[in-house]
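Colleague: Structure file entry09.pdb (PDB, C-alpha atoms) right here:
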ATOM      1  CA  MET A 118      47.294 202.109  12.830
ATOM      2  CA  LEU A 119      45.375 200.596  15.717
ATOM      3  CA  LYS A 120      44.299 197.757  13.452
ATOM      4  CA  PHE A 121      47.962 197.079  12.752
ATOM      5  CA  PHE A 122      48.734 196.693  16.444
ATOM      6  CA  ALA A 123      45.627 194.602  17.054
ATOM      7  CA  MET A 124      46.688 192.085  14.395
ATOM      8  CA  GLY A 125      43.138 190.863  13.994
ATOM      9  CA  GLY A 126      42.897 190.043  17.673
ATOM     10  CA  TYR A 127      46.154 188.131  17.754
ATOM     11  CA  GLY A 128      48.277 191.092  18.795
ATOM     12  CA  ALA A 129      49.011 189.637  22.222
ATOM     13  CA  PHE A 130      50.756 186.717  20.526
ATOM     14  CA  VAL A 131      52.267 188.330  17.435
ATOM     15  CA  TRP A 132      54.048 191.298  19.017
ATOM     16  CA  PRO A 133      55.719 189.436  21.880
ATOM     17  CA  SER A 134      56.991 186.968  19.257
ATOM     18  CA  TYR A 135      58.540 189.777  17.253
ATOM     19  CA  ALA A 136      59.947 191.383  20.400
ATOM     20  CA  LEU A 137      61.503 188.093  21.506
ATOM     21  CA  THR A 138      63.116 187.581  18.120
ATOM     22  CA  ALA A 139      64.406 191.165  18.048
ATOM     23  CA  LEU A 140      65.877 190.609  21.497
ATOM     24  CA  ALA A 141      67.692 187.449  20.405
ATOM     25  CA  VAL A 142      68.982 189.142  17.258
ATOM     26  CA  THR A 143      70.258 192.162  19.219
ATOM     27  CA  LEU A 144      71.810 190.163  22.045
ATOM     28  CA  ASN A 145      73.710 187.945  19.638
ATOM     29  CA  ILE A 146      75.120 190.951  17.812
ATOM     30  CA  LEU A 147      76.217 192.501  21.112
ATOM     31  CA  TRP A 148      77.733 189.247  22.355
ATOM     32  CA  ALA A 149      79.662 188.669  19.137
ATOM     33  CA  ARG A 150      81.056 192.202  19.058
ATOM     34  CA  SER A 151      81.980 192.088  22.730
ATOM     35  CA  ALA A 152      83.715 188.737  22.236
ATOM     36  CA  LEU A 153      85.777 190.150  19.381
ATOM     37  CA  ARG A 154      86.601 193.302  21.337
ATOM     38  CA  SER A 155      87.781 191.429  24.424
ATOM     39  CA  ALA A 156      89.735 188.896  22.348
ATOM     40  CA  ARG A 157      91.503 191.746  20.568
ATOM     41  CA  GLN A 158      92.260 193.539  23.838
ATOM     42  CA  GLU A 159      93.585 190.373  25.421
ATOM     43  CA  ALA A 160      95.770 189.642  22.394
ATOM     44  CA  LEU A 161      97.189 193.178  22.506
ATOM     45  CA  ARG A 162      97.888 192.777  26.197
ATOM     46  CA  ARG A 163      99.664 189.477  25.585
ATOM     47  CA  LEU A 164     101.761 191.035  22.843
ATOM     48  CA  ALA A 165     102.706 193.977  25.037
ATOM     49  CA  ALA A 166     103.663 191.644  27.879
ATOM     50  CA  ARG A 167     105.846 189.653  25.527
ATOM     51  CA  ARG A 168     107.524 192.737  24.171
ATOM     52  CA  GLY A 169     108.170 193.943  27.692
ATOM     53  CA  PRO A 170     108.184 197.594  28.852
ATOM     54  CA  THR A 171     109.452 199.868  26.086
ATOM     55  CA  LEU A 172     108.373 203.309  27.305
ATOM     56  CA  PRO A 173     109.089 204.989  30.649
ATOM     57  CA  TYR A 174     105.503 204.872  31.819
ATOM     58  CA  GLU A 175     105.263 201.155  31.001
ATOM     59  CA  VAL A 176     108.215 200.167  33.195
ATOM     60  CA  GLY A 177     106.910 198.597  36.346
ATOM     61  CA  SER A 178     103.582 197.454  34.818
TER
ATOM     62  CA  MET B 241      93.893 171.461  -6.347
ATOM     63  CA  ALA B 242      90.853 171.988  -4.144
ATOM     64  CA  TRP B 243      92.781 170.751  -1.137
ATOM     65  CA  VAL B 244      95.134 173.722  -1.337
ATOM     66  CA  TRP B 245      92.149 176.064  -1.011
ATOM     67  CA  PHE B 246      90.764 173.999   1.824
ATOM     68  CA  HIS B 247      93.969 173.944   3.810
ATOM     69  CA  ARG B 248      94.588 177.627   3.220
ATOM     70  CA  PHE B 249      91.331 178.412   5.025
ATOM     71  CA  GLY B 250      92.608 176.310   7.866
ATOM     72  CA  SER B 251      95.429 178.769   8.366
ATOM     73  CA  PRO B 252      94.316 181.085  11.184
ATOM     74  CA  PRO B 253      95.762 184.348   9.828
ATOM     75  CA  HIS B 254      94.306 183.702   6.392
ATOM     76  CA  PHE B 255      90.952 182.828   7.909
ATOM     77  CA  TYR B 256      91.030 185.892  10.165
ATOM     78  CA  ARG B 257      91.715 188.260   7.279
ATOM     79  CA  LEU B 258      89.130 186.592   5.046
ATOM     80  CA  ALA B 259      86.501 186.690   7.799
ATOM     81  CA  THR B 260      87.209 190.379   8.382
ATOM     82  CA  ARG B 261      86.730 191.174   4.690
ATOM     83  CA  LEU B 262      83.638 188.999   4.224
ATOM     84  CA  ALA B 263      81.586 189.960   7.275
ATOM     85  CA  PRO B 264      80.130 193.234   5.935
ATOM     86  CA  TRP B 265      79.103 191.466   2.713
ATOM     87  CA  PHE B 266      76.701 189.397   4.794
ATOM     88  CA  ALA B 267      75.756 191.932   7.443
ATOM     89  CA  TRP B 268      74.323 194.584   5.112
ATOM     90  CA  PRO B 269      72.343 192.195   2.894
ATOM     91  CA  ALA B 270      70.984 190.654   6.098
ATOM     92  CA  LEU B 271      69.634 194.033   7.184
ATOM     93  CA  VAL B 272      68.132 194.817   3.786
ATOM     94  CA  LEU B 273      66.569 191.371   3.359
ATOM     95  CA  CYS B 274      65.063 191.367   6.855
ATOM     96  CA  LEU B 275      63.636 194.857   6.400
ATOM     97  CA  ALA B 276      62.120 193.836   3.080
ATOM     98  CA  GLY B 277      60.728 190.672   4.624
ATOM     99  CA  LEU B 278      59.220 192.531   7.567
ATOM    100  CA  ILE B 279      57.630 195.200   5.416
ATOM    101  CA  GLY B 280      56.275 192.583   3.023
ATOM    102  CA  GLY B 281      55.128 190.259   5.752
ATOM    103  CA  LEU B 282      53.545 192.795   8.063
ATOM    104  CA  GLY B 283      52.347 195.287   5.484
ATOM    105  CA  PHE B 284      51.563 193.575   2.241
ATOM    106  CA  ALA B 285      50.841 189.895   2.799
ATOM    107  CA  PRO B 286      47.084 189.300   3.062
ATOM    108  CA  ALA B 287      45.561 187.812   6.203
ATOM    109  CA  ASP B 288      45.188 184.055   6.263
ATOM    110  CA  TYR B 289      41.606 182.820   5.771
ATOM    111  CA  GLN B 290      41.919 180.504   8.776
ATOM    112  CA  GLN B 291      44.420 182.186  11.082
ATOM    113  CA  GLY B 292      43.807 185.822  10.235
ATOM    114  CA  ASP B 293      46.719 188.080  11.086
ATOM    115  CA  GLY B 294      48.020 185.571  13.625
ATOM    116  CA  PHE B 295      49.872 183.699  10.897
ATOM    117  CA  ARG B 296      52.334 186.601  10.670
ATOM    118  CA  ILE B 297      54.283 185.010  13.500
ATOM    119  CA  ILE B 298      55.642 182.827  10.722
ATOM    120  CA  TYR B 299      57.940 185.649   9.650
ATOM    121  CA  VAL B 300      59.973 185.273  12.849
ATOM    122  CA  HIS B 301      59.162 181.716  13.844
ATOM    123  CA  ALA B 302      60.131 179.948  10.605
ATOM    124  CA  PRO B 303      63.452 181.795  10.120
ATOM    125  CA  SER B 304      64.387 181.107  13.746
ATOM    126  CA  ALA B 305      63.567 177.428  13.360
ATOM    127  CA  TRP B 306      65.513 177.332  10.099
ATOM    128  CA  LEU B 307      68.494 178.878  11.860
ATOM    129  CA  SER B 308      68.259 176.420  14.738
ATOM    130  CA  LEU B 309      68.624 173.537  12.298
ATOM    131  CA  MET B 310      71.080 175.063   9.854
ATOM    132  CA  VAL B 311      73.404 176.314  12.582
ATOM    133  CA  TYR B 312      73.505 172.856  14.148
ATOM    134  CA  VAL B 313      74.475 171.300  10.824
ATOM    135  CA  VAL B 314      77.221 173.915  10.351
ATOM    136  CA  MET B 315      78.385 173.253  13.902
ATOM    137  CA  ALA B 316      78.462 169.491  13.388
ATOM    138  CA  ALA B 317      80.174 169.782   9.991
ATOM    139  CA  SER B 318      82.853 172.156  11.329
ATOM    140  CA  ALA B 319      83.356 169.884  14.315
ATOM    141  CA  ALA B 320      83.777 166.887  12.003
ATOM    142  CA  VAL B 321      86.300 168.747   9.852
ATOM    143  CA  GLY B 322      88.162 169.808  12.989
ATOM    144  CA  LEU B 323      88.193 166.268  14.288
ATOM    145  CA  ILE B 324      89.270 164.620  11.038
ATOM    146  CA  TRP B 325      91.811 167.173   9.810
ATOM    147  CA  ARG B 326      92.789 168.400  13.283
ATOM    148  CA  MET B 327      92.044 171.932  12.166
ATOM    149  CA  ASN B 328      91.944 174.584  14.872
ATOM    150  CA  VAL B 329      89.945 176.997  12.727
ATOM    151  CA  ALA B 330      87.224 174.398  12.204
ATOM    152  CA  HIS B 331      86.925 173.834  15.959
ATOM    153  CA  ALA B 332      86.779 177.593  16.430
ATOM    154  CA  LEU B 333      83.909 177.781  13.935
ATOM    155  CA  ALA B 334      82.024 175.000  15.689
ATOM    156  CA  ALA B 335      82.435 176.675  19.075
ATOM    157  CA  SER B 336      81.217 179.957  17.606
ATOM    158  CA  CYS B 337      77.984 178.380  16.384
ATOM    159  CA  ALA B 338      76.752 177.180  19.733
ATOM    160  CA  THR B 339      75.378 180.312  21.384
ATOM    161  CA  ILE B 340      73.745 181.510  18.183
ATOM    162  CA  GLY B 341      72.097 178.160  17.561
ATOM    163  CA  ALA B 342      70.885 177.810  21.124
ATOM    164  CA  SER B 343      69.404 181.323  21.129
ATOM    165  CA  PHE B 344      67.375 180.758  18.002
ATOM    166  CA  THR B 345      66.250 177.300  19.037
ATOM    167  CA  ALA B 346      64.834 178.948  22.151
ATOM    168  CA  VAL B 347      63.215 181.662  20.025
ATOM    169  CA  ALA B 348      61.709 179.063  17.686
ATOM    170  CA  LEU B 349      60.268 177.177  20.651
ATOM    171  CA  LEU B 350      58.906 180.286  22.369
ATOM    172  CA  THR B 351      57.432 181.895  19.251
ATOM    173  CA  GLY B 352      56.002 178.495  18.399
ATOM    174  CA  MET B 353      54.333 178.396  21.798
ATOM    175  CA  LEU B 354      52.918 181.864  21.275
ATOM    176  CA  TRP B 355      51.550 180.747  17.931
ATOM    177  CA  GLY B 356      50.220 177.452  19.249
ATOM    178  CA  ARG B 357      48.220 178.980  22.084
ATOM    179  CA  PRO B 358      45.644 180.793  19.913
ATOM    180  CA  MET B 359      45.704 178.302  17.005
ATOM    181  CA  TRP B 360      45.890 174.902  18.730
ATOM    182  CA  GLY B 361      44.559 175.972  22.088
ATOM    183  CA  THR B 362      47.733 174.986  23.884
ATOM    184  CA  TYR B 363      51.209 176.348  24.528
ATOM    185  CA  TRP B 364      52.777 172.920  24.411
ATOM    186  CA  GLU B 365      52.244 169.341  23.375
ATOM    187  CA  TRP B 366      54.729 166.494  23.541
ATOM    188  CA  ASP B 367      54.357 166.016  19.848
ATOM    189  CA  PRO B 368      57.249 164.862  17.599
ATOM    190  CA  ARG B 369      58.196 168.260  16.126
ATOM    191  CA  LEU B 370      58.119 170.199  19.379
ATOM    192  CA  THR B 371      59.803 167.465  21.387
ATOM    193  CA  SER B 372      62.657 166.968  18.927
ATOM    194  CA  GLU B 373      63.224 170.721  18.700
ATOM    195  CA  LEU B 374      63.419 170.882  22.491
ATOM    196  CA  LEU B 375      65.935 168.060  22.336
ATOM    197  CA  LEU B 376      67.955 170.187  19.925
ATOM    198  CA  LEU B 377      68.081 172.943  22.532
ATOM    199  CA  PHE B 378      69.390 170.452  25.086
ATOM    200  CA  LEU B 379      72.017 169.309  22.579
ATOM    201  CA  TYR B 380      73.234 172.877  22.110
ATOM    202  CA  LEU B 381      73.317 173.471  25.872
ATOM    203  CA  GLY B 382      75.052 170.134  26.373
ATOM    204  CA  TYR B 383      77.646 171.071  23.778
ATOM    205  CA  MET B 384      78.327 174.379  25.517
ATOM    206  CA  GLY B 385      78.389 172.768  28.952
ATOM    207  CA  LEU B 386      80.739 170.020  27.825
ATOM    208  CA  ARG B 387      83.099 172.526  26.285
ATOM    209  CA  ASN B 388      83.186 174.640  29.403
ATOM    210  CA  SER B 389      83.717 171.691  31.701
ATOM    211  CA  ILE B 390      86.959 170.546  30.074
ATOM    212  CA  ASP B 391      90.026 172.646  30.782
ATOM    213  CA  ASP B 392      92.270 171.296  28.056
ATOM    214  CA  LEU B 393      91.231 173.006  24.839
ATOM    215  CA  GLY B 394      92.169 170.111  22.566
ATOM    216  CA  ARG B 395      90.134 167.648  24.636
ATOM    217  CA  ALA B 396      87.256 170.089  24.865
ATOM    218  CA  ASP B 397      87.305 170.459  21.080
ATOM    219  CA  ARG B 398      87.301 166.735  20.460
ATOM    220  CA  ALA B 399      84.726 165.756  23.072
ATOM    221  CA  SER B 400      82.282 168.456  22.041
ATOM    222  CA  ALA B 401      82.856 167.578  18.384
ATOM    223  CA  VAL B 402      81.737 164.028  19.061
ATOM    224  CA  LEU B 403      78.614 165.305  20.807
ATOM    225  CA  ALA B 404      77.832 167.657  17.931
ATOM    226  CA  ILE B 405      78.292 164.918  15.329
ATOM    227  CA  VAL B 406      76.254 162.334  17.211
ATOM    228  CA  GLY B 407      73.490 164.864  17.795
ATOM    229  CA  VAL B 408      73.148 165.834  14.138
ATOM    230  CA  VAL B 409      70.874 162.840  13.576
ATOM    231  CA  ASN B 410      68.227 164.898  15.404
ATOM    232  CA  VAL B 411      68.128 167.415  12.565
ATOM    233  CA  PRO B 412      66.482 165.197   9.920
ATOM    234  CA  VAL B 413      64.239 163.831  12.678
ATOM    235  CA  ILE B 414      63.006 167.348  13.371
ATOM    236  CA  HIS B 415      62.470 168.112   9.706
ATOM    237  CA  TYR B 416      60.667 164.867   8.871
ATOM    238  CA  SER B 417      58.810 164.545  12.164
ATOM    239  CA  VAL B 418      55.735 166.212  10.699
ATOM    240  CA  ILE B 419      55.709 163.730   7.801
ATOM    241  CA  TRP B 420      56.646 160.526   9.615
ATOM    242  CA  TRP B 421      54.346 160.953  12.601
ATOM    243  CA  ASN B 422      50.966 162.383  13.476
ATOM    244  CA  SER B 423      52.002 165.840  14.526
ATOM    245  CA  LEU B 424      50.073 168.878  15.676
ATOM    246  CA  HIS B 425      52.575 170.999  13.745
ATOM    247  CA  GLN B 426      51.741 171.493  10.097
ATOM    248  CA  ALA B 427      53.619 169.740   7.301
ATOM    249  CA  PRO B 428      56.326 171.607   5.359
ATOM    250  CA  SER B 429      54.925 174.260   3.038
ATOM    251  CA  VAL B 430      58.256 175.423   1.590
ATOM    252  CA  MET B 431      60.991 172.808   1.948
ATOM    253  CA  ARG B 432      59.173 170.059   0.143
ATOM    254  CA  PHE B 433      59.076 168.360  -3.227
ATOM    255  CA  GLY B 434      56.637 170.018  -5.547
ATOM    256  CA  GLU B 435      55.436 173.580  -5.336
ATOM    257  CA  PRO B 436      55.184 175.554  -2.110
ATOM    258  CA  THR B 437      51.643 175.681  -0.826
ATOM    259  CA  MET B 438      51.703 179.404  -0.073
ATOM    260  CA  PRO B 439      50.715 182.266  -2.385
ATOM    261  CA  ALA B 440      53.596 184.473  -3.526
ATOM    262  CA  SER B 441      52.458 187.485  -1.488
ATOM    263  CA  MET B 442      52.934 185.458   1.693
ATOM    264  CA  LEU B 443      55.878 183.401   0.481
ATOM    265  CA  LEU B 444      58.199 186.085  -0.832
ATOM    266  CA  PRO B 445      58.555 187.970   2.474
ATOM    267  CA  LEU B 446      59.172 184.614   4.149
ATOM    268  CA  LEU B 447      61.933 183.769   1.686
ATOM    269  CA  ALA B 448      63.424 187.214   2.276
ATOM    270  CA  MET B 449      63.416 186.637   6.034
ATOM    271  CA  LEU B 450      64.955 183.183   5.606
ATOM    272  CA  ALA B 451      67.717 184.584   3.401
ATOM    273  CA  GLY B 452      68.188 187.565   5.722
ATOM    274  CA  PHE B 453      68.530 185.403   8.801
ATOM    275  CA  THR B 454      71.010 183.181   6.980
ATOM    276  CA  CYS B 455      73.183 186.152   6.017
ATOM    277  CA  TYR B 456      72.884 187.475   9.573
ATOM    278  CA  PHE B 457      74.125 184.152  10.919
ATOM    279  CA  VAL B 458      77.122 184.108   8.572
ATOM    280  CA  ALA B 459      78.104 187.651   9.595
ATOM    281  CA  LEU B 460      77.754 186.712  13.278
ATOM    282  CA  LEU B 461      79.684 183.494  12.820
ATOM    283  CA  LEU B 462      82.553 185.273  11.095
ATOM    284  CA  THR B 463      82.724 187.801  13.943
ATOM    285  CA  ARG B 464      82.646 185.203  16.706
ATOM    286  CA  ALA B 465      85.071 182.930  14.880
ATOM    287  CA  ARG B 466      87.566 185.778  14.566
ATOM    288  CA  ALA B 467      87.370 186.285  18.320
ATOM    289  CA  GLU B 468      87.780 182.558  18.928
ATOM    290  CA  VAL B 469      90.741 182.270  16.583
ATOM    291  CA  LEU B 470      92.448 185.259  18.242
ATOM    292  CA  ARG B 471      91.952 183.698  21.631
ATOM    293  CA  ARG B 472      93.456 180.402  20.502
ATOM    294  CA  GLU B 473      96.488 181.753  18.780
ATOM    295  CA  ARG B 474      99.566 181.613  20.912
ATOM    296  CA  SER B 475     101.923 182.414  18.044
ATOM    297  CA  ALA B 476     102.241 186.180  18.171
ATOM    298  CA  GLN B 477     103.518 186.874  14.676
ATOM    299  CA  TRP B 478     100.372 187.073  12.591
ATOM    300  CA  VAL B 479      98.303 188.401  15.500
ATOM    301  CA  ALA B 480     100.629 191.368  15.790
ATOM    302  CA  THR B 481     100.259 192.013  12.072
ATOM    303  CA  VAL B 482      96.457 191.916  11.920
ATOM    304  CA  LEU B 483      95.990 194.018  15.032
ATOM    305  CA  ASP B 484      98.286 196.739  13.780
ATOM    306  CA  VAL B 485      96.030 197.212  10.818
ATOM    307  CA  PRO B 486      94.012 200.496  11.021
ATOM    308  CA  ALA B 487      90.856 200.234  13.150
ATOM    309  CA  ARG B 488      88.325 200.303  10.323
ATOM    310  CA  SER B 489      89.279 197.016   8.724
ATOM    311  CA  VAL B 490      89.765 194.994  11.911
TER
END
Would you mind giving the structure from this file in structure tokens?
Modeller:
Amino acid sequence: MLKFFAMGGYGAFVWPSYALTALAVTLNILWARSALRSARQEALRRLAARRGPTLPYEVGS
Amino acid sequence: MAWVWFHRFGSPPHFYRLATRLAPWFAWPALVLCLAGLIGGLGFAPADYQQGDGFRIIYVHAPSAWLSLMVYVVMAASAAVGLIWRMNVAHALAASCATIGASFTAVALLTGMLWGRPMWGTYWEWDPRLTSELLLLFLYLGYMGLRNSIDDLGRADRASAVLAIVGVVNVPVIHYSVIWWNSLHQAPSVMRFGEPTMPASMLLPLLAMLAGFTCYFVALLLTRARAEVLRRERSAQWVATVLDVPARSV
């Protein structure tokens, strides 16, 4: 197990590389999903605004 | 007949629905392929006789570099289609590529530096491969900056499309830089005429990672492009329809 982490002495270069890549992969997934979520929310909001208030608690918003 | 297909994809609601259906078909294979590649590359591939276990950086460095180039080509091609056919969906696709491409160009550069330090003795050299890849990063950032600086969406689309198209000449320069010039970076071992120079035990995990990263990019692109298309669509009709669909398929 320790040999695996040592990577033949190159561990200090190999593992940060993998960590960096994992970070980029994760961040891009999060960014894409957040972009879709906010675009959907904004579109729903635009639709609701266009429709106008239809329920008592919406009047005045 | 093909033009009908082509123009149908240009229709935002059709594209949105298609992208929604297709995304999982790329996301899950991406996960499986990358896991297989990682297990093969870290667990089964033998150590290199020159570089020892240090060569294993290849399993993240090469796919990232591949993405940096492939994404730029997709971005430039979409931008060209958007420019020529005035297709909103194509511009949306191009815009969606930028962040992904820039991220992985940065990763390719940084992992390359981490690989270069022990093997070449230096983090950086102004050699043709490294320099042209850095230029690619600047092109991505320039594309994003140009887009953000123009308020009118149509103008932003067209101006950034021109930048993307003009910049695509850098992509073959990057690929051939190690052949045309004396470069510190090694010559291609996979994307070359003739047989790859790597044994199968090292090559197969690499191919898996390359395929996995490609599928991952497609899934990401489809997600971002859906967001972009939603944001651009003023016409409420089809938007109302797709958003009223039950949560799971949206």
Colleague: Identify, on the basis of all atoms listed in the file, every residue whose closest approach to Val142 (chain A) does not exceed 9 Å; exclude the query and any residue fewer than 4 positions from it along the same chain; express the result as a list of chain:residue names.
Modeller: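 Result of the neighbour search: A:Leu137, A:Thr138, A:Ile146, A:Leu147, B:Ser343, B:Phe344, B:Tyr456.
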Colleague: So which residues fall inside 12 Å of (76.1, 173.3, 10.6) if we count only C-alpha atoms? Mind giving them as a PyMOL selection string?
Modeller: chain B and resi 306-321+330+333-338+340-341+380+401+404-405+407-408+411+454+457-458+461
Colleague: Please return, as a ChimeraX atom specification, all residues of chain A lying within 9 Å of chain B when all atoms listed in the file are considered.
Modeller: /A:121,123-135,137-138,141-142,145-146,148-150,152-157,159-161,163-164,167
Colleague: Would you translate the PyMOL selection byres ((chain B and resi 275) around 12) into the concrete set of residues it matches in this file, as a ChimeraX atom specification?
Modeller: /B:268-274,276-283,299,445-446,448-453
Colleague: For a quick check of understanding, using all atoms listed in the file, which of B:His331, B:Leu374, B:Leu262, B:Trp366 has the smallest distance to Leu393 (chain B)?
Modeller: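 Answer, going by the shortest atom-to-atom distance: B:His331.
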Colleague: If I take CA of Ser372 (chain B) and CA of Leu403 (chain B), how far is one from the other in Å, to one decimal?
Modeller: 16.2 Å
Colleague: Give as a count of residues only the residues that the PyMOL selection byres ((chain B and resi 367) around 10) matches when applied to the coordinates above.
Modeller: 15
Colleague: So how far away is CA of Phe255 (chain B) from CA of Trp478 (chain B), in Å?
Modeller: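 Those two atoms sit 11.3 Å apart.
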Colleague: In Å, with one decimal, what is the gap from CA of Leu144 (chain A) to CA of Pro264 (chain B)?
Modeller: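 Distance reported for this atom pair: 18.4 Å.
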Colleague: So that I can check the surroundings of Ile390 (chain B), please list as a ChimeraX atom specification every protein, DNA and RNA residue that reaches within 10 Å of it, counting only C-alpha atoms and ignoring chain neighbours fewer than 6 positions away.
Modeller: /B:396-397,399-400
Colleague: Take the residues just selected and output them with C-alpha atoms as a PDB file, keeping the file's coordinate frame.
Modeller:
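Everything below was put into out21.pdb:
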ATOM      1  CA  ALA B 396      87.256 170.089  24.865  1.00  0.00           C
ATOM      2  CA  ASP B 397      87.305 170.459  21.080  1.00  0.00           C
ATOM      3  CA  ALA B 399      84.726 165.756  23.072  1.00  0.00           C
ATOM      4  CA  SER B 400      82.282 168.456  22.041  1.00  0.00           C
TER       5      SER B 400
END
